[in-house]
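J.: Structure in structure tokens, see below.
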Amino acid sequence: MFGKRSGDDLANTRKIAKNNEAADAGNKAATGSQTGVSAVKKAPVEKVEQPVAEVQPARQRSEEFYDIKSSVFNALIDTIDLTQLAKLDADSARDEIRDIVGEIIQLKNVVMSIAEQEELLEDICNDVLGYGPLEPLLARDDIADIMVNGSQTTFIEVDGKVQQTGVRFADNAQLMNICQRIVTQVGRRVDESSPICDARLPDGSRVNVIAPPLAIDGPALTIRKFKKDRLTLDQLVDFGSITPAGRTILGIIGRCRCNILISGGTGSGKTTLLNCLTGYIDTDERVITCEDSAELQLQQPHVVRLETRPPNIEGEGEITMRELVKNCLRMRPERIIVGEVRGPEAFDLLQAMNTGHDGSMGTLHSNSPREAISRLESMIMMGGFSLPPRTIREMITGSIDIIVQASRLRDGSRKITHVTEVVGMEGDVVTLQDIFLYDIQGEDEDGKLLGNHRSTGIARPRFWDRAQYYGDHHKLAEALASAEMSDANGNPLGE
Ligand SMILES: Nc1ncnc2c1ncn2[C@@H]1O[C@H](COP(=O)(O)OP(=O)(O)OP(=O)(O)O)[C@@H](O)[C@H]1O
Ligand SMILES: [Mg+2]
């Protein structure tokens with residue numbers, strides 16, 4: 001056993017043990033000290049203290065559990081050589097850590113059930129090899145967002161509902177350490193002098209970190225989990241986000257090269273919808289995507305993916321979305337897809353839409369199609385273009401064909417609530433025409449919202465000619481007619 005061995009024995013038997021330091025760690029472990037290895041090194045073992053109190057089941061995650069964990073963790077870190085550990089593959093590293101932790105627990109006389117030991121071990125492996133307490137959340141595919149508000153509070157979003165979890169970090173330093181580990185992997189940095197950072201996990205999940213002093217109660221980490229299997233419009237039909245007729249209409253809009261703006265609140269499903277619509281792009285079209293953090297998963301063979309770059313530590317080297325969109329135009333694109341329009345690039349995207357790049361698409365944060373128009377207008381005005389408002393509006397009506405509105409409703413469900421056409425101008429006002437809508441009609445006893453998707457009775461939308469050009473006009477007429485009076489499953493009402 002660990003404590004009965006000499007330091008040399010331990011160092012010899014462990015591939016990853018630090019030379020001669022293992023003995024110290026063993027000594028430290030034998031003291032039952034919870035204050036760190038260096039203290040033990042200064043004052044070698046004389047007596048064995050009382051065993052650490054029995055841990056609570058880790059599910060309840062008592063203070064004692066965290067104390068024991070940090071004391072075992074410290075002993076482990078002092079025992080192993082992290083550079084050697086890094087050379088092992090994940091399974092061997094896990095086995096090695098498992099053995100050493102088992103021995104440390106025995107030496108510390110920690111009374112734990114096998115299940116508790118397993119939990120402790122899993123936690124420690126996650127801390128050393130991965131993203132610590134985040135690992136179990138990252139492993140779950142049903143989570144949409146992970147929101148860590150300082151070391152003690154973590155929320156997740158599952159099935160549209162935000163819920164608090166029992167996940168917590170030892171302290172803000174551990175959380176900050178994990179944040180740094182995440183962002184350094186993509187060559188970025190987060191600390192007090194540079195406290196805001198966007199990054200991406202190796203699996204593609206989008207990450208934002210904001211650290212103290214800006215985040216008052218400790219680092220705030222937000223992760224939009226990347227869905228391995230991208231959602232399709234068929235799945236959105238299964239979820240009730242749209243009806244089969246609505247899916248057909250969206251498919252035609254995507255295919256027949258309408259210029260589309262997807263509008264919606266944060267987390268409402270804009271990127272998902274954009275992804276779905278890109279599925280209808282012909283495989284022989286050259287598509288260029290511009291994103292702040294690459295999230296889109298286009299399936300076409302002829303795609304160029306571009307990503308913006310934040311400034312470096314000296315504040316240099318930034319490449320903005322506007323520069324990307326402008327550069328796109330020199331790359332012979334057939335369609336330009338902008339992940340999220342949030343600034344002056346709106347002008348360049350509209351120009352591209354206006355000048356032969358039909359079928360371009362983008363998303364924008366706003367709560368209704370009408371608001372999306374005024375958001376676009378103010379983005380262009382704030383970009384320093386000295387154009388009269390009427391000219392900007394004319395440009396918008398000349399470029400955007402369709403606005404699709406995505407919403408996350410108060411029961412957590414996500415719906416496509418509007419498919420709206422930009423028709424033209426009446427005086428100084430942009431005129432819009434809804435062709436497909438979602439009406440909320442009530443609420444059931446579980447608080448789930450009830451409603452209908454329906455078409456508004458417009459039999460010949462403005463993009464009819466386009467649909468005809470692509471041979472989809474019969475399908476369009478059929479979908480519009482069947483959606484006129486249908487319930488959430490696409491069945492005609494009154495049957
Ligand atoms: N119709 C839907 N039904 C169920 N889940 C959905 C639906 N649409 C999107 N989601 C899920 O909701 C989460 C947020 O979606 P998405 O990233 O598309 O939102 P967003 O509006 O682009 O968010 P943000 O504003 O942060 O960019 C994702 O996990 C996604 O899988
Ligand atoms: Mg998005």
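Chain identifiers are assigned as A, B, and so on, following the order in which chains appear in the structure tokens; residues are numbered from 1 within each chain, and ligands are numbered from 1 in order of appearance.
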List all protein, DNA and RNA residues that have an atom no more than 8 Å from any atom of ligand 2, counting only C-alpha atoms and all ligand atoms, and report them as number ranges by chain.
T.: A: 266-267, 269-272, 295, 339-340, 363
J.: Can I get the residues close to ligand 1 as a PyMOL selection string, where close means within 8 Å and we count only C-alpha atoms and all ligand atoms?
T.: chain A and resi 143-145+159-160+224-227+230-231+235-236+239-242+264-274+340+363+365+406+413-416
J.: Find the residues near region 383-396 of chain A: any atom within 10 Å, counting only C-alpha atoms, skip ones fewer than 5 places away on the same chain, and give them as JSON, numbers by chain.
T.: {"A": [343, 344, 345, 346, 347, 350, 351, 353, 354, 373, 374, 376, 377, 378, 401, 422, 424, 425, 427, 428, 429, 430]}
J.: Name the residues of region 288-387 of chain A that fall into alpha helix (DSSP H) according to DSSP on the backbone, using the chain letters and numbers of this document, as a ChimeraX atom specification.
T.: /A:321-328,345-354,369-382
J.: Next, write the just-selected residues to a file, as a PDB file, in the first residue's frame, keeping C-alpha atoms as the atom set.
T.:
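Contents of the output file result-v6.pdb:
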ATOM      1  CA  MET A 321     -17.451  40.917 -40.082  1.00  0.00           C
ATOM      2  CA  ARG A 322     -17.613  43.871 -42.456  1.00  0.00           C
ATOM      3  CA  GLU A 323     -14.153  43.103 -43.823  1.00  0.00           C
ATOM      4  CA  LEU A 324     -15.099  39.459 -44.294  1.00  0.00           C
ATOM      5  CA  VAL A 325     -18.317  40.272 -46.136  1.00  0.00           C
ATOM      6  CA  LYS A 326     -16.499  42.784 -48.336  1.00  0.00           C
ATOM      7  CA  ASN A 327     -13.816  40.248 -49.116  1.00  0.00           C
ATOM      8  CA  CYS A 328     -16.464  37.667 -49.923  1.00  0.00           C
ATOM      9  CA  GLU A 345     -21.770  44.665 -42.403  1.00  0.00           C
ATOM     10  CA  ALA A 346     -25.546  44.941 -42.850  1.00  0.00           C
ATOM     11  CA  PHE A 347     -24.812  47.483 -45.587  1.00  0.00           C
ATOM     12  CA  ASP A 348     -22.454  45.172 -47.441  1.00  0.00           C
ATOM     13  CA  LEU A 349     -24.789  42.207 -47.123  1.00  0.00           C
ATOM     14  CA  LEU A 350     -27.676  44.235 -48.553  1.00  0.00           C
ATOM     15  CA  GLN A 351     -25.469  45.402 -51.387  1.00  0.00           C
ATOM     16  CA  ALA A 352     -24.434  41.837 -52.112  1.00  0.00           C
ATOM     17  CA  MET A 353     -28.081  40.747 -52.114  1.00  0.00           C
ATOM     18  CA  ASN A 354     -28.822  43.606 -54.484  1.00  0.00           C
ATOM     19  CA  PRO A 369     -40.152  41.183 -38.705  1.00  0.00           C
ATOM     20  CA  ARG A 370     -41.078  44.863 -38.403  1.00  0.00           C
ATOM     21  CA  GLU A 371     -38.417  45.386 -35.743  1.00  0.00           C
ATOM     22  CA  ALA A 372     -35.889  43.523 -37.906  1.00  0.00           C
ATOM     23  CA  ILE A 373     -36.299  46.202 -40.579  1.00  0.00           C
ATOM     24  CA  SER A 374     -35.683  49.039 -38.144  1.00  0.00           C
ATOM     25  CA  ARG A 375     -32.724  47.181 -36.613  1.00  0.00           C
ATOM     26  CA  LEU A 376     -31.169  46.855 -40.066  1.00  0.00           C
ATOM     27  CA  GLU A 377     -31.774  50.509 -40.694  1.00  0.00           C
ATOM     28  CA  SER A 378     -30.134  51.597 -37.455  1.00  0.00           C
ATOM     29  CA  MET A 379     -27.158  49.275 -38.015  1.00  0.00           C
ATOM     30  CA  ILE A 380     -26.517  50.987 -41.327  1.00  0.00           C
ATOM     31  CA  MET A 381     -26.980  54.467 -39.853  1.00  0.00           C
ATOM     32  CA  MET A 382     -24.666  53.692 -36.943  1.00  0.00           C
TER      33      MET A 382
END
J.: Taking the backbone alone, and naming residues the way the document does, which bits of region 273-351 of chain A are strand (DSSP E) by DSSP, as a list in words?
T.: Val287, Ile288, Thr289, Cys290, Glu291, Val303, Val304, Arg305, Leu306, Glu307, Arg335, Ile336, Ile337 and Val338 of chain A
J.: Please list as a short mmCIF file (atom, residue, chain, number, x, y, z; two decimals) with C-alpha atoms, in the first residue's frame every residue within 9 Å of Arg94 (chain A), counting only C-alpha atoms and excluding residues in the same chain fewer than 5 positions away.
T.:
data_model
loop_
_atom_site.label_atom_id
_atom_site.label_comp_id
_atom_site.auth_asym_id
_atom_site.auth_seq_id
_atom_site.Cartn_x
_atom_site.Cartn_y
_atom_site.Cartn_z
CA ASP A 89 -3.54 8.38 -23.88
CA ASP A 99 -4.47 3.88 -8.91
CA GLU A 122 -14.40 10.73 -11.75
CA CYS A 125 -9.97 12.74 -13.53
CA LEU A 129 -7.70 15.65 -17.85
#
J.: How many Å lie between CA of Leu233 (chain A) and CA of Ile403 (chain A), rounded to one decimal?
T.: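 Between these atoms lies a distance of 16.8 Å.
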J.: So, counting only C-alpha atoms, which residue among A:Ile252, A:Ala483, A:Leu76, A:Val304 is closest to Leu121 (chain A)?
T.: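 Smallest separation from Leu121 (chain A) among the options: A:Leu76.
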J.: Which residues, written as a count of residues only, have at least one atom at most 7 Å from region 161-176 of chain A, with only C-alpha atoms counted and residues fewer than 2 positions away on the same chain left out?
T.: 18
J.: Which residues come within 8 Å of region 186-198 of chain A, counting only C-alpha atoms, excluding same-chain residues fewer than 5 positions away, as a list in words?
T.: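 In the requested form, the answer reads Cys179, Gln180, Arg206, Val207, Asn208, Val209, Ile210, Ala211, Pro212, Pro213, Leu214 and Ile313 of chain A.
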J.: Taking 2 positions as the minimum chain separation for residues in the same chain, which residues sit within 12 Å of region 467-470 of chain A when counting only C-alpha atoms? Answer as a ChimeraX atom specification.
T.: /A:248-258,282,460-465,472-477
J.: Report, in Å with one decimal, the straight-line distance from CA of Asp141 (chain A) to CA of Ala294 (chain A).
T.: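 One can read the CA of Asp141 (chain A) to CA of Ala294 (chain A) distance as 19.1 Å.
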J.: What is the distance between CA of Val183 (chain A) and CA of Ala199 (chain A), in Å to one decimal?
T.: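 Going from CA of Val183 (chain A) over to CA of Ala199 (chain A), I get 5.6 Å.
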